[in-house]
$ cat entry.cif   # mmCIF, C-alpha atoms
data_model
#
loop_
_atom_site.group_PDB
_atom_site.id
_atom_site.type_symbol
_atom_site.label_atom_id
_atom_site.label_comp_id
_atom_site.auth_asym_id
_atom_site.auth_seq_id
_atom_site.Cartn_x
_atom_site.Cartn_y
_atom_site.Cartn_z
ATOM 1 C CA MET A 1 219.197 179.228 73.290
ATOM 2 C CA GLU A 2 221.051 180.766 70.376
ATOM 3 C CA GLU A 3 220.593 179.191 66.982
ATOM 4 C CA THR A 4 223.644 178.098 65.016
ATOM 5 C CA LYS A 5 224.150 176.671 61.542
ATOM 6 C CA GLY A 6 226.986 174.847 59.867
ATOM 7 C CA PHE A 7 229.701 175.109 58.821
ATOM 8 C CA TYR A 8 231.670 176.063 61.945
ATOM 9 C CA ASP A 9 235.049 177.597 62.730
ATOM 10 C CA PHE A 10 235.506 177.817 66.486
ATOM 11 C CA CYS A 11 238.958 179.437 66.539
ATOM 12 C CA VAL A 12 239.432 182.865 64.980
ATOM 13 C CA PRO A 13 242.002 184.741 67.119
ATOM 14 C CA TYR A 14 240.986 188.232 68.132
ATOM 15 C CA ASN A 15 242.864 191.056 66.466
ATOM 16 C CA LYS A 16 242.762 194.709 67.488
ATOM 17 C CA ASP A 17 242.956 195.687 63.820
ATOM 18 C CA GLU A 18 239.289 195.972 62.891
ATOM 19 C CA LYS A 19 240.015 195.974 59.156
ATOM 20 C CA LEU A 20 241.879 192.677 59.385
ATOM 21 C CA LEU A 21 239.182 191.099 61.555
ATOM 22 C CA ARG A 22 236.505 192.277 59.133
ATOM 23 C CA ALA A 23 238.455 190.855 56.196
ATOM 24 C CA ILE A 24 238.723 187.465 57.916
ATOM 25 C CA CYS A 25 234.968 187.429 58.560
ATOM 26 C CA ASN A 26 234.222 188.356 54.943
ATOM 27 C CA GLU A 27 236.462 185.542 53.736
ATOM 28 C CA LEU A 28 234.710 183.083 56.057
ATOM 29 C CA VAL A 29 231.335 184.131 54.660
ATOM 30 C CA ASP A 30 232.562 183.669 51.091
ATOM 31 C CA LEU A 31 233.886 180.198 51.922
ATOM 32 C CA GLY A 32 230.497 179.114 53.296
ATOM 33 C CA TYR A 33 230.884 179.268 57.072
ATOM 34 C CA LYS A 34 227.850 180.238 59.136
ATOM 35 C CA THR A 35 229.093 180.147 62.747
ATOM 36 C CA ILE A 36 232.470 181.247 64.112
ATOM 37 C CA ALA A 37 234.029 181.948 67.502
ATOM 38 C CA ILE A 38 236.375 184.865 68.214
ATOM 39 C CA GLU A 39 239.129 183.643 70.543
ATOM 40 C CA GLN A 40 240.538 185.512 73.517
ATOM 41 C CA VAL A 41 243.586 184.085 75.298
ATOM 42 C CA PHE A 42 244.276 184.257 79.038
ATOM 43 C CA ASP A 43 247.596 182.942 80.342
ATOM 44 C CA HIS A 44 247.031 181.692 83.887
ATOM 45 C CA SER A 45 250.623 180.460 84.132
ATOM 46 C CA LYS A 46 251.972 184.022 84.341
ATOM 47 C CA LYS A 47 252.463 185.264 87.882
ATOM 48 C CA GLU A 48 250.994 188.682 87.206
ATOM 49 C CA ASN A 49 247.714 187.032 86.128
ATOM 50 C CA VAL A 50 247.502 184.867 89.260
ATOM 51 C CA LYS A 51 246.217 187.340 91.824
ATOM 52 C CA ARG A 52 243.970 187.052 94.794
ATOM 53 C CA ALA A 53 240.788 188.518 93.474
ATOM 54 C CA SER A 54 237.178 187.478 93.146
ATOM 55 C CA ASP A 55 237.509 187.066 89.376
ATOM 56 C CA ILE A 56 240.861 186.910 87.620
ATOM 57 C CA PHE A 57 239.446 186.139 84.179
ATOM 58 C CA PRO A 58 238.707 189.029 81.811
ATOM 59 C CA GLU A 59 235.307 189.972 80.502
ATOM 60 C CA PRO A 60 234.463 189.312 76.849
ATOM 61 C CA ILE A 61 235.581 191.949 74.400
ATOM 62 C CA ASN A 62 232.780 194.066 73.005
ATOM 63 C CA LEU A 63 232.114 192.680 69.531
ATOM 64 C CA LYS A 64 228.661 194.130 69.037
ATOM 65 C CA TRP A 65 229.841 196.219 66.093
ATOM 66 C CA LEU A 66 231.058 193.077 64.332
ATOM 67 C CA GLN A 67 227.937 191.066 65.220
ATOM 68 C CA ASP A 68 225.687 193.827 63.894
ATOM 69 C CA GLU A 69 227.675 194.108 60.669
ATOM 70 C CA PHE A 70 227.428 190.362 59.940
ATOM 71 C CA LYS A 71 224.005 189.884 61.543
ATOM 72 C CA ASN A 72 222.346 187.997 58.681
ATOM 73 C CA LYS A 73 225.527 186.421 57.328
ATOM 74 C CA LEU A 74 227.528 185.054 60.242
ATOM 75 C CA LYS A 75 226.831 183.939 63.796
ATOM 76 C CA ILE A 76 229.700 185.261 65.941
ATOM 77 C CA LEU A 77 230.372 183.614 69.304
ATOM 78 C CA GLN A 78 232.988 184.444 71.923
ATOM 79 C CA ARG A 79 235.563 181.995 73.216
ATOM 80 C CA LEU A 80 238.153 182.096 76.000
ATOM 81 C CA THR A 81 241.271 179.910 75.852
ATOM 82 C CA ILE A 82 242.936 179.421 79.256
ATOM 83 C CA ILE A 83 246.642 178.566 79.225
ATOM 84 C CA TYR A 84 247.651 176.916 82.502
ATOM 85 C CA MET A 85 250.190 174.523 83.980
ATOM 86 C CA ASP A 86 248.753 173.429 87.346
ATOM 87 C CA VAL A 87 245.409 172.462 88.851
ATOM 88 C CA ALA A 88 245.128 175.740 90.789
ATOM 89 C CA VAL A 89 243.139 177.088 87.865
ATOM 90 C CA ALA A 90 240.156 174.976 88.954
ATOM 91 C CA HIS A 91 239.576 177.101 92.064
ATOM 92 C CA ALA A 92 239.705 180.333 90.052
ATOM 93 C CA MET A 93 237.259 178.952 87.478
ATOM 94 C CA GLY A 94 234.817 177.895 90.193
ATOM 95 C CA ASN A 95 234.664 181.448 91.586
ATOM 96 C CA SER A 96 234.476 183.234 88.240
ATOM 97 C CA MET A 97 231.351 184.874 86.854
ATOM 98 C CA ASN A 98 233.017 186.158 83.696
ATOM 99 C CA LEU A 99 233.467 182.635 82.329
ATOM 100 C CA LYS A 100 229.700 182.268 81.984
ATOM 101 C CA LYS A 101 229.674 185.248 79.647
ATOM 102 C CA PHE A 102 231.750 183.330 77.084
ATOM 103 C CA ASN A 103 230.047 180.916 74.734
ATOM 104 C CA LEU A 104 233.026 178.534 74.738
ATOM 105 C CA VAL A 105 235.811 177.868 77.232
ATOM 106 C CA ALA A 106 238.909 175.986 76.072
ATOM 107 C CA GLY A 107 241.855 174.677 78.061
ATOM 108 C CA GLN A 108 245.419 174.761 76.738
ATOM 109 C CA PRO A 109 247.673 172.775 79.111
ATOM 110 C CA LYS A 110 251.423 173.275 79.232
ATOM 111 C CA THR A 111 252.400 170.188 81.258
ATOM 112 C CA ASP A 112 251.447 166.520 81.290
ATOM 113 C CA ALA A 113 249.715 166.915 84.653
ATOM 114 C CA ALA A 114 247.720 169.852 83.313
ATOM 115 C CA LEU A 115 246.764 167.814 80.239
ATOM 116 C CA THR A 116 245.457 164.976 82.420
ATOM 117 C CA HIS A 117 243.537 167.482 84.545
ATOM 118 C CA CYS A 118 242.122 169.101 81.414
ATOM 119 C CA CYS A 119 240.730 165.756 80.253
ATOM 120 C CA THR A 120 239.380 164.558 83.594
ATOM 121 C CA THR A 121 238.205 167.492 85.753
ATOM 122 C CA PHE A 122 238.516 170.698 83.721
ATOM 123 C CA ASN A 123 235.258 172.676 83.823
ATOM 124 C CA GLY A 124 235.415 173.666 80.184
ATOM 125 C CA ASP A 125 234.300 172.491 76.759
ATOM 126 C CA LEU A 126 237.411 172.016 74.664
ATOM 127 C CA VAL A 127 241.013 170.810 74.839
ATOM 128 C CA THR A 128 243.405 172.607 72.515
ATOM 129 C CA PHE A 129 247.201 172.848 72.203
ATOM 130 C CA ASP A 130 249.976 175.215 71.299
ATOM 131 C CA ALA A 131 251.365 174.451 67.875
ATOM 132 C CA GLN A 132 254.889 175.306 69.023
ATOM 133 C CA ALA A 133 254.957 173.195 72.187
ATOM 134 C CA GLY A 134 252.093 170.795 71.683
ATOM 135 C CA ALA A 135 254.172 167.973 70.210
ATOM 136 C CA ARG A 136 255.754 167.344 73.606
ATOM 137 C CA LEU A 137 252.364 166.628 75.219
ATOM 138 C CA TYR A 138 250.626 163.337 74.444
ATOM 139 C CA VAL A 139 247.365 162.316 76.046
ATOM 140 C CA ASN A 140 247.122 158.790 77.476
ATOM 141 C CA ARG A 141 244.363 156.352 76.641
ATOM 142 C CA LYS A 142 242.547 156.501 79.977
ATOM 143 C CA ALA A 143 242.427 160.309 80.082
ATOM 144 C CA TYR A 144 241.201 160.410 76.495
ATOM 145 C CA GLN A 145 238.343 158.007 77.232
ATOM 146 C CA VAL A 146 237.342 159.980 80.333
ATOM 147 C CA ALA A 147 237.250 163.185 78.293
ATOM 148 C CA VAL A 148 235.029 161.595 75.651
ATOM 149 C CA LYS A 149 232.603 160.333 78.314
ATOM 150 C CA ARG A 150 232.472 163.806 79.879
ATOM 151 C CA GLY A 151 231.626 165.355 76.506
ATOM 152 C CA ILE A 152 234.951 167.175 76.099
ATOM 153 C CA PHE A 153 236.150 167.733 72.537
ATOM 154 C CA PHE A 154 239.693 167.921 71.173
ATOM 155 C CA GLU A 155 240.667 170.628 68.717
ATOM 156 C CA ILE A 156 243.040 170.437 65.769
ATOM 157 C CA LYS A 157 244.111 173.673 64.061
ATOM 158 C CA TYR A 158 245.002 173.535 60.389
ATOM 159 C CA SER A 159 246.456 177.019 59.775
ATOM 160 C CA PRO A 160 249.886 176.150 61.307
ATOM 161 C CA LEU A 161 250.205 173.468 58.636
ATOM 162 C CA ILE A 162 250.153 176.201 56.023
ATOM 163 C CA VAL A 163 252.509 178.558 57.844
ATOM 164 C CA ASP A 164 255.456 176.317 58.749
ATOM 165 C CA THR A 165 256.572 172.772 57.918
ATOM 166 C CA ASN A 166 257.832 172.197 61.467
ATOM 167 C CA PHE A 167 254.400 172.977 62.853
ATOM 168 C CA ARG A 168 252.980 170.613 60.269
ATOM 169 C CA LYS A 169 254.977 167.708 61.648
ATOM 170 C CA ASP A 170 253.972 168.503 65.227
ATOM 171 C CA ILE A 171 250.262 168.751 64.442
ATOM 172 C CA ILE A 172 250.303 165.468 62.518
ATOM 173 C CA LYS A 173 251.994 163.832 65.517
ATOM 174 C CA ILE A 174 249.289 165.127 67.841
ATOM 175 C CA ALA A 175 246.514 164.003 65.491
ATOM 176 C CA HIS A 176 248.142 160.581 65.189
ATOM 177 C CA ASN A 177 248.240 160.355 68.985
ATOM 178 C CA TYR A 178 244.487 161.047 69.086
ATOM 179 C CA PHE A 179 243.969 158.254 66.584
ATOM 180 C CA VAL A 180 246.076 155.735 68.502
ATOM 181 C CA ARG A 181 244.671 156.557 71.952
ATOM 182 C CA GLY A 182 240.998 157.015 71.131
ATOM 183 C CA LYS A 183 240.350 156.347 67.425
ATOM 184 C CA SER A 184 239.970 160.094 66.815
ATOM 185 C CA LYS A 185 236.700 160.405 68.736
ATOM 186 C CA SER A 186 235.270 163.857 69.573
ATOM 187 C CA ILE A 187 237.587 165.795 67.251
ATOM 188 C CA ILE A 188 236.774 169.206 65.791
ATOM 189 C CA ILE A 189 238.890 171.091 63.265
ATOM 190 C CA SER A 190 239.346 174.872 63.479
ATOM 191 C CA SER A 191 241.438 177.327 61.531
ATOM 192 C CA GLY A 192 243.292 179.454 64.077
ATOM 193 C CA ALA A 193 243.964 181.788 61.162
ATOM 194 C CA THR A 194 245.373 185.257 61.762
ATOM 195 C CA ASN A 195 244.840 186.451 58.186
ATOM 196 C CA PRO A 196 242.453 185.585 55.321
ATOM 197 C CA PHE A 197 245.136 183.757 53.301
ATOM 198 C CA GLU A 198 245.329 180.969 55.894
ATOM 199 C CA LEU A 199 241.629 180.093 55.610
ATOM 200 C CA ARG A 200 240.310 177.144 53.630
ATOM 201 C CA GLY A 201 236.821 176.063 52.629
ATOM 202 C CA PRO A 202 234.888 173.519 54.696
ATOM 203 C CA TYR A 203 235.125 170.791 52.060
ATOM 204 C CA ASP A 204 238.866 171.330 51.727
ATOM 205 C CA VAL A 205 239.149 171.003 55.509
ATOM 206 C CA ALA A 206 237.115 167.783 55.405
ATOM 207 C CA ASN A 207 239.524 166.382 52.815
ATOM 208 C CA LEU A 208 242.467 167.582 54.911
ATOM 209 C CA SER A 209 241.191 165.471 57.804
ATOM 210 C CA PHE A 210 242.529 162.334 56.091
ATOM 211 C CA ILE A 211 246.022 163.536 56.984
ATOM 212 C CA PHE A 212 244.959 163.643 60.634
ATOM 213 C CA GLY A 213 243.779 160.030 60.549
ATOM 214 C CA LEU A 214 240.053 160.816 60.486
ATOM 215 C CA SER A 215 237.571 158.908 58.370
ATOM 216 C CA GLU A 216 235.336 160.584 55.804
ATOM 217 C CA ASP A 217 232.406 160.766 58.204
ATOM 218 C CA GLN A 218 234.586 162.049 61.056
ATOM 219 C CA GLY A 219 236.038 164.732 58.796
ATOM 220 C CA LYS A 220 232.585 166.044 57.889
ATOM 221 C CA CYS A 221 231.365 165.919 61.490
ATOM 222 C CA ALA A 222 234.516 167.745 62.691
ATOM 223 C CA ILE A 223 233.332 170.954 61.015
ATOM 224 C CA ASP A 224 229.584 170.510 61.384
ATOM 225 C CA ARG A 225 227.776 168.055 63.700
ATOM 226 C CA PHE A 226 230.424 167.755 66.417
ATOM 227 C CA CYS A 227 230.689 171.544 66.597
ATOM 228 C CA ARG A 228 226.945 171.765 67.112
ATOM 229 C CA GLN A 229 227.187 169.201 69.934
ATOM 230 C CA LEU A 230 230.030 171.196 71.474
ATOM 231 C CA PHE A 231 227.944 174.359 71.393
ATOM 232 C CA LEU A 232 224.973 172.638 73.064
ATOM 233 C CA ARG A 233 227.228 171.262 75.804
ATOM 234 C CA ALA A 234 228.699 174.711 76.380
ATOM 235 C CA GLU A 235 225.208 176.192 76.670
ATOM 236 C CA SER A 236 224.255 173.600 79.275
ATOM 237 C CA ARG A 237 227.414 174.471 81.240
ATOM 238 C CA ARG A 238 226.551 178.157 81.175
ATOM 239 C CA ILE A 239 222.856 177.860 81.986
ATOM 240 C CA GLY A 240 223.000 174.937 84.410
ATOM 241 C CA LYS A 241 219.789 173.446 85.769
ATOM 242 C CA THR A 242 216.728 175.300 84.526
ATOM 243 C CA ILE A 243 212.955 175.019 84.724
ATOM 244 C CA MET A 244 210.820 175.655 81.659
ATOM 245 C CA PHE A 245 207.098 176.436 81.665
ATOM 246 C CA VAL A 246 204.978 175.898 78.554
ATOM 247 C CA LYS A 247 201.723 177.854 78.265
ATOM 248 C CA SER A 248 199.235 177.106 75.528
ATOM 249 C CA SER A 249 197.339 179.810 73.678
ATOM 250 C CA GLY A 250 194.490 177.557 72.518
ATOM 251 C CA PRO A 251 192.675 174.309 73.263
ATOM 252 C CA ILE A 252 194.808 171.271 73.942
ATOM 253 C CA VAL A 253 193.844 167.931 72.360
ATOM 254 C CA PHE A 254 195.500 164.804 73.679
ATOM 255 C CA SER A 255 195.519 161.722 71.473
ATOM 256 C CA ASP A 256 197.271 158.385 71.537
ATOM 257 C CA SER A 257 197.351 155.217 69.536
ATOM 258 C CA SER A 258 194.632 153.550 71.601
ATOM 259 C CA SER A 259 192.129 156.349 70.973
ATOM 260 C CA SER A 260 192.891 156.368 67.273
ATOM 261 C CA GLU A 261 192.438 152.615 67.105
ATOM 262 C CA HIS A 262 189.136 152.977 68.992
ATOM 263 C CA GLU A 263 187.949 155.554 66.469
ATOM 264 C CA GLU A 264 188.933 153.251 63.617
ATOM 265 C CA ASP A 265 186.984 150.377 65.220
ATOM 266 C CA GLU A 266 183.907 152.587 65.609
ATOM 267 C CA GLY A 267 184.191 153.650 61.991
ATOM 268 C CA MET A 268 184.385 150.025 60.856
ATOM 269 C CA LEU A 269 181.339 149.124 62.971
ATOM 270 C CA ASN A 270 179.343 152.023 61.548
ATOM 271 C CA ALA A 271 180.269 150.944 58.027
ATOM 272 C CA GLU A 272 179.166 147.366 58.738
ATOM 273 C CA GLU A 273 175.871 148.609 60.210
ATOM 274 C CA LYS A 274 175.220 150.657 57.079
ATOM 275 C CA GLU A 275 175.868 147.625 54.891
ATOM 276 C CA ASP A 276 173.476 145.521 56.986
ATOM 277 C CA GLN A 277 170.781 148.173 56.706
ATOM 278 C CA GLU A 278 171.212 148.261 52.948
ATOM 279 C CA ASP A 279 170.866 144.468 52.821
ATOM 280 C CA VAL A 280 167.752 144.609 54.956
ATOM 281 C CA ILE A 281 166.237 147.197 52.667
ATOM 282 C CA LYS A 282 167.092 145.218 49.543
ATOM 283 C CA PHE A 283 165.942 141.863 50.940
ATOM 284 C CA PRO A 284 162.175 142.621 51.146
ATOM 285 C CA LYS A 285 162.179 143.785 47.541
ATOM 286 C CA SER A 286 163.736 140.563 46.336
ATOM 287 C CA SER A 287 161.365 138.485 48.499
ATOM 288 C CA ASP A 288 158.299 140.296 47.091
ATOM 289 C CA SER A 289 159.362 139.574 43.563
ATOM 290 C CA GLU A 290 160.014 135.970 44.389
ATOM 291 C CA GLN A 291 156.618 135.720 46.129
ATOM 292 C CA GLU A 292 154.873 137.151 43.076
ATOM 293 C CA SER A 293 156.589 134.598 40.820
ATOM 294 C CA VAL A 294 155.532 131.803 43.163
ATOM 295 C CA ASP A 295 151.907 132.996 43.152
ATOM 296 C CA ASN A 296 151.912 133.136 39.366
ATOM 297 C CA ASP A 297 153.190 129.587 39.231
ATOM 298 C CA ASP A 298 150.402 128.452 41.590
ATOM 299 C CA GLU A 299 147.744 130.176 39.521
ATOM 300 C CA GLN A 300 148.836 128.594 36.220
ATOM 301 C CA PRO A 301 148.055 124.930 37.248
ATOM 302 C CA ASN A 302 144.641 125.993 38.495
ATOM 303 C CA LYS A 303 143.890 127.578 35.151
ATOM 304 C CA LYS A 304 144.938 124.394 33.394
ATOM 305 C CA LYS A 305 142.658 122.362 35.623
ATOM 306 C CA LYS A 306 139.710 124.588 34.772
ATOM 307 C CA LEU A 307 140.435 124.308 31.064
ATOM 308 C CA SER A 308 140.659 120.601 31.305
#
$ encode --input "entry.cif" --output "structure tokens"
Amino acid sequence: MEETKGFYDFCVPYNKDEKLLRAICNELVDLGYKTIAIEQVFDHSKKENVKRASDIFPEPINLKWLQDEFKNKLKILQRLTIIYMDVAVAHAMGNSMNLKKFNLVAGQPKTDAALTHCCTTFNGDLVTFDAQAGARLYVNRKAYQVAVKRGIFFEIKYSPLIVDTNFRKDIIKIAHNYFVRGKSKSIIISSGATNPFELRGPYDVANLSFIFGLSEDQGKCAIDRFCRQLFLRAESRRIGKTIMFVKSSGPIVFSDSSSSEHEEDEGMLNAEEKEDQEDVIKFPKSSDSEQESVDNDDEQPNKKKKLS
């Protein structure tokens, strides 16, 4: 399993301009992020993308050059966001092998039915939204609770707040809906930034979470602990059921509380035996001295009798 460290930004859109993508990664490093995810988008709702093939989803883009450049600075994951509007996407996802090559799979529904499906039966890790059309989609309470029980997380992007005031209103509406329906459980905050000027530091993002209705603890977890839980869930989805063998390279010593207590009892008994032996050794010495004093006392009256 790959090791990740906080802070996290799980939505950095892919850009063909390598200079711009490198500048975004450098800015993320300067701000204190340790793990990011480069996002690829696949629109399943388009007819040209819905074809009868064994695997309609694309393979991950080769980002080895970027991973090697930021090897000791930044952990770079790959994410696929699927835009869809009907449940037919479930069949395509079940037959796809390319999805397992992505570290994260997110669903972006375009209809209310797709949103309910994304919360209840979507075989992914994350529920996201389009900032331009997301305000028209509101999750209901039951679907939200089912998603939380399944381990699905909901994503809020903060970069549209900086770009446009209209997007700001829509995102606050969506965040308020999460608060009303499920008390803002299982929320992560990502940037979705397309240039370095839209990025903010992790502590600024945690403070920004108050606008979304999150508490102080939820705001910190939205960029750290919850993202780690999301990554672990995604790894379990990719790997599935596995068997692990552990082989030791040296002697194995098993110990439990009962054995340790038994050793302590034996140590106490040995200590008591030593004390008894010391008393036994000391006792004859004291008795000899007492016996000598008694003999001297018996001899003194006899001497007196002879003198008399």
$ resolve_selection --input "entry.cif" --expression "the PyMOL selection byres ((chain A and resi 190) around 7)" --output "VMD selection string"
chain A and resid 9 to 11 155 to 158 188 to 189 191 to 192
$ resolve_selection --input "entry.cif" --expression "the PyMOL selection byres ((chain A and resi 30) around 12)" --output "count of residues only"
19
$ residues_around --input "entry.cif" --residues "A:Leu21" --least-positions-apart "5" --cutoff "9 Å" --atoms "all atoms listed in the file" --output "MDAnalysis selection string"
chainID A and resid 12:16 26 66 194:196
$ atom_distance --input "entry.cif" --atom1 "atom CA of A:Arg238" --atom2 "atom CA of A:Phe57"
15.5 Å
$ closest_residue --input "entry.cif" --among "A:Tyr84, A:Tyr178, A:Tyr8, A:Trp65" --to "A:Cys221" --atoms "all atoms listed in the file"
A:Tyr8
$ atom_distance --input "entry.cif" --atom1 "atom CA of A:Val146" --atom2 "atom CA of A:Thr121"
9.3 Å
$ residues_around --input "entry.cif" --residues "A:Ile211" --least-positions-apart "5" --cutoff "12 Å" --atoms "only C-alpha atoms" --output "mmCIF file with C-alpha atoms, in the frame of the given file"
data_model
loop_
_atom_site.group_PDB
_atom_site.id
_atom_site.type_symbol
_atom_site.label_atom_id
_atom_site.label_comp_id
_atom_site.auth_asym_id
_atom_site.auth_seq_id
_atom_site.Cartn_x
_atom_site.Cartn_y
_atom_site.Cartn_z
ATOM 1 C CA ILE A 156 243.040 170.437 65.769
ATOM 2 C CA TYR A 158 245.002 173.535 60.389
ATOM 3 C CA LEU A 161 250.205 173.468 58.636
ATOM 4 C CA ARG A 168 252.980 170.613 60.269
ATOM 5 C CA LYS A 169 254.977 167.708 61.648
ATOM 6 C CA ILE A 171 250.262 168.751 64.442
ATOM 7 C CA ILE A 172 250.303 165.468 62.518
ATOM 8 C CA LYS A 173 251.994 163.832 65.517
ATOM 9 C CA ILE A 174 249.289 165.127 67.841
ATOM 10 C CA ALA A 175 246.514 164.003 65.491
ATOM 11 C CA HIS A 176 248.142 160.581 65.189
ATOM 12 C CA PHE A 179 243.969 158.254 66.584
ATOM 13 C CA ASP A 204 238.866 171.330 51.727
ATOM 14 C CA VAL A 205 239.149 171.003 55.509
ATOM 15 C CA ALA A 206 237.115 167.783 55.405
ATOM 16 C CA GLU A 216 235.336 160.584 55.804
ATOM 17 C CA GLY A 219 236.038 164.732 58.796
#
$ atom_distance --input "entry.cif" --atom1 "atom CA of A:Gln67" --atom2 "atom CA of A:Phe231"
17.8 Å
$ closest_residue --input "entry.cif" --among "A:Thr128, A:Thr120, A:Thr111, A:Ser54" --to "A:Ile82" --atoms "only C-alpha atoms"
A:Thr128
$ resolve_selection --input "entry.cif" --expression "the PyMOL selection byres ((chain A and resi 99) around 12)" --output "ChimeraX atom specification"
/A:40,42,55-60,78-82,92-98,100-106,123-125,234-235,237-239
$ closest_residue --input "entry.cif" --among "A:Arg136, A:Arg228, A:Lys19, A:Arg141" --to "A:Asp112" --atoms "only C-alpha atoms"
A:Arg136
$ axis_aligned_box --input "entry.cif" --around "stretch 14-30 of chain A" --padding-each-side "4 Å" --output "AutoDock Vina command-line options"
--center_x 237.1 --center_y 189.5 --center_z 59.6 --size_x 19.6 --size_y 20.9 --size_z 25.0
$ closest_residue --input "entry.cif" --among "A:Ala222, A:Leu214, A:Lys110, A:Val163" --to "A:Phe197" --atoms "all atoms listed in the file"
A:Val163
$ closest_residue --input "entry.cif" --among "A:Ser159, A:Ser209, A:Ser215, A:Ser236" --to "A:Lys183" --atoms "all atoms listed in the file"
A:Ser215
$ residues_around --input "entry.cif" --residues "A:Asp43" --least-positions-apart "2" --cutoff "8 Å" --atoms "all atoms listed in the file" --output "MDAnalysis selection string"
chainID A and resid 41 45:46 49 82:84
$ closest_residue --input "entry.cif" --among "A:Ile36, A:Met85, A:Ile152, A:Ala113" --to "A:Lys5" --atoms "only C-alpha atoms"
A:Ile36
$ build_atoms --input "entry.cif" --residues "stretch 211-216 of chain A" --atoms "all heavy atoms" --output "PDB file, keeping the file's coordinate frame"
ATOM      1  N   ILE A 211     244.642 163.463  56.497  1.00  0.00           N
ATOM      2  CA  ILE A 211     246.022 163.536  56.984  1.00  0.00           C
ATOM      3  C   ILE A 211     246.070 163.341  58.494  1.00  0.00           C
ATOM      4  O   ILE A 211     247.033 162.796  59.033  1.00  0.00           O
ATOM      5  CB  ILE A 211     246.639 164.892  56.590  1.00  0.00           C
ATOM      6  CG1 ILE A 211     246.622 165.060  55.070  1.00  0.00           C
ATOM      7  CG2 ILE A 211     248.060 165.024  57.114  1.00  0.00           C
ATOM      8  CD1 ILE A 211     247.130 166.405  54.606  1.00  0.00           C
ATOM      9  N   PHE A 212     245.016 163.764  59.182  1.00  0.00           N
ATOM     10  CA  PHE A 212     244.959 163.643  60.634  1.00  0.00           C
ATOM     11  C   PHE A 212     244.482 162.266  61.107  1.00  0.00           C
ATOM     12  O   PHE A 212     244.360 162.040  62.306  1.00  0.00           O
ATOM     13  CB  PHE A 212     244.022 164.706  61.211  1.00  0.00           C
ATOM     14  CG  PHE A 212     244.412 166.109  60.869  1.00  0.00           C
ATOM     15  CD1 PHE A 212     243.458 167.065  60.587  1.00  0.00           C
ATOM     16  CD2 PHE A 212     245.748 166.479  60.831  1.00  0.00           C
ATOM     17  CE1 PHE A 212     243.823 168.369  60.275  1.00  0.00           C
ATOM     18  CE2 PHE A 212     246.120 167.772  60.517  1.00  0.00           C
ATOM     19  CZ  PHE A 212     245.149 168.720  60.232  1.00  0.00           C
ATOM     20  N   GLY A 213     244.216 161.366  60.180  1.00  0.00           N
ATOM     21  CA  GLY A 213     243.779 160.030  60.549  1.00  0.00           C
ATOM     22  C   GLY A 213     242.286 159.891  60.741  1.00  0.00           C
ATOM     23  O   GLY A 213     241.817 158.868  61.266  1.00  0.00           O
ATOM     24  N   LEU A 214     241.496 160.876  60.340  1.00  0.00           N
ATOM     25  CA  LEU A 214     240.053 160.816  60.486  1.00  0.00           C
ATOM     26  C   LEU A 214     239.433 160.155  59.263  1.00  0.00           C
ATOM     27  O   LEU A 214     239.965 160.240  58.147  1.00  0.00           O
ATOM     28  CB  LEU A 214     239.455 162.216  60.665  1.00  0.00           C
ATOM     29  CG  LEU A 214     239.458 162.810  62.075  1.00  0.00           C
ATOM     30  CD1 LEU A 214     240.887 163.101  62.541  1.00  0.00           C
ATOM     31  CD2 LEU A 214     238.635 164.094  62.131  1.00  0.00           C
ATOM     32  N   SER A 215     238.302 159.501  59.479  1.00  0.00           N
ATOM     33  CA  SER A 215     237.571 158.908  58.370  1.00  0.00           C
ATOM     34  C   SER A 215     236.782 159.992  57.638  1.00  0.00           C
ATOM     35  O   SER A 215     236.761 161.158  58.042  1.00  0.00           O
ATOM     36  CB  SER A 215     236.626 157.819  58.877  1.00  0.00           C
ATOM     37  OG  SER A 215     235.646 158.363  59.741  1.00  0.00           O
ATOM     38  N   GLU A 216     236.113 159.606  56.567  1.00  0.00           N
ATOM     39  CA  GLU A 216     235.336 160.584  55.804  1.00  0.00           C
ATOM     40  C   GLU A 216     234.201 161.160  56.645  1.00  0.00           C
ATOM     41  O   GLU A 216     233.955 162.375  56.635  1.00  0.00           O
ATOM     42  CB  GLU A 216     234.780 159.917  54.535  1.00  0.00           C
ATOM     43  CG  GLU A 216     233.983 160.865  53.655  1.00  0.00           C
ATOM     44  CD  GLU A 216     233.469 160.181  52.402  1.00  0.00           C
ATOM     45  OE1 GLU A 216     233.756 158.984  52.222  1.00  0.00           O
ATOM     46  OE2 GLU A 216     232.772 160.843  51.612  1.00  0.00           O
TER      47      GLU A 216
END
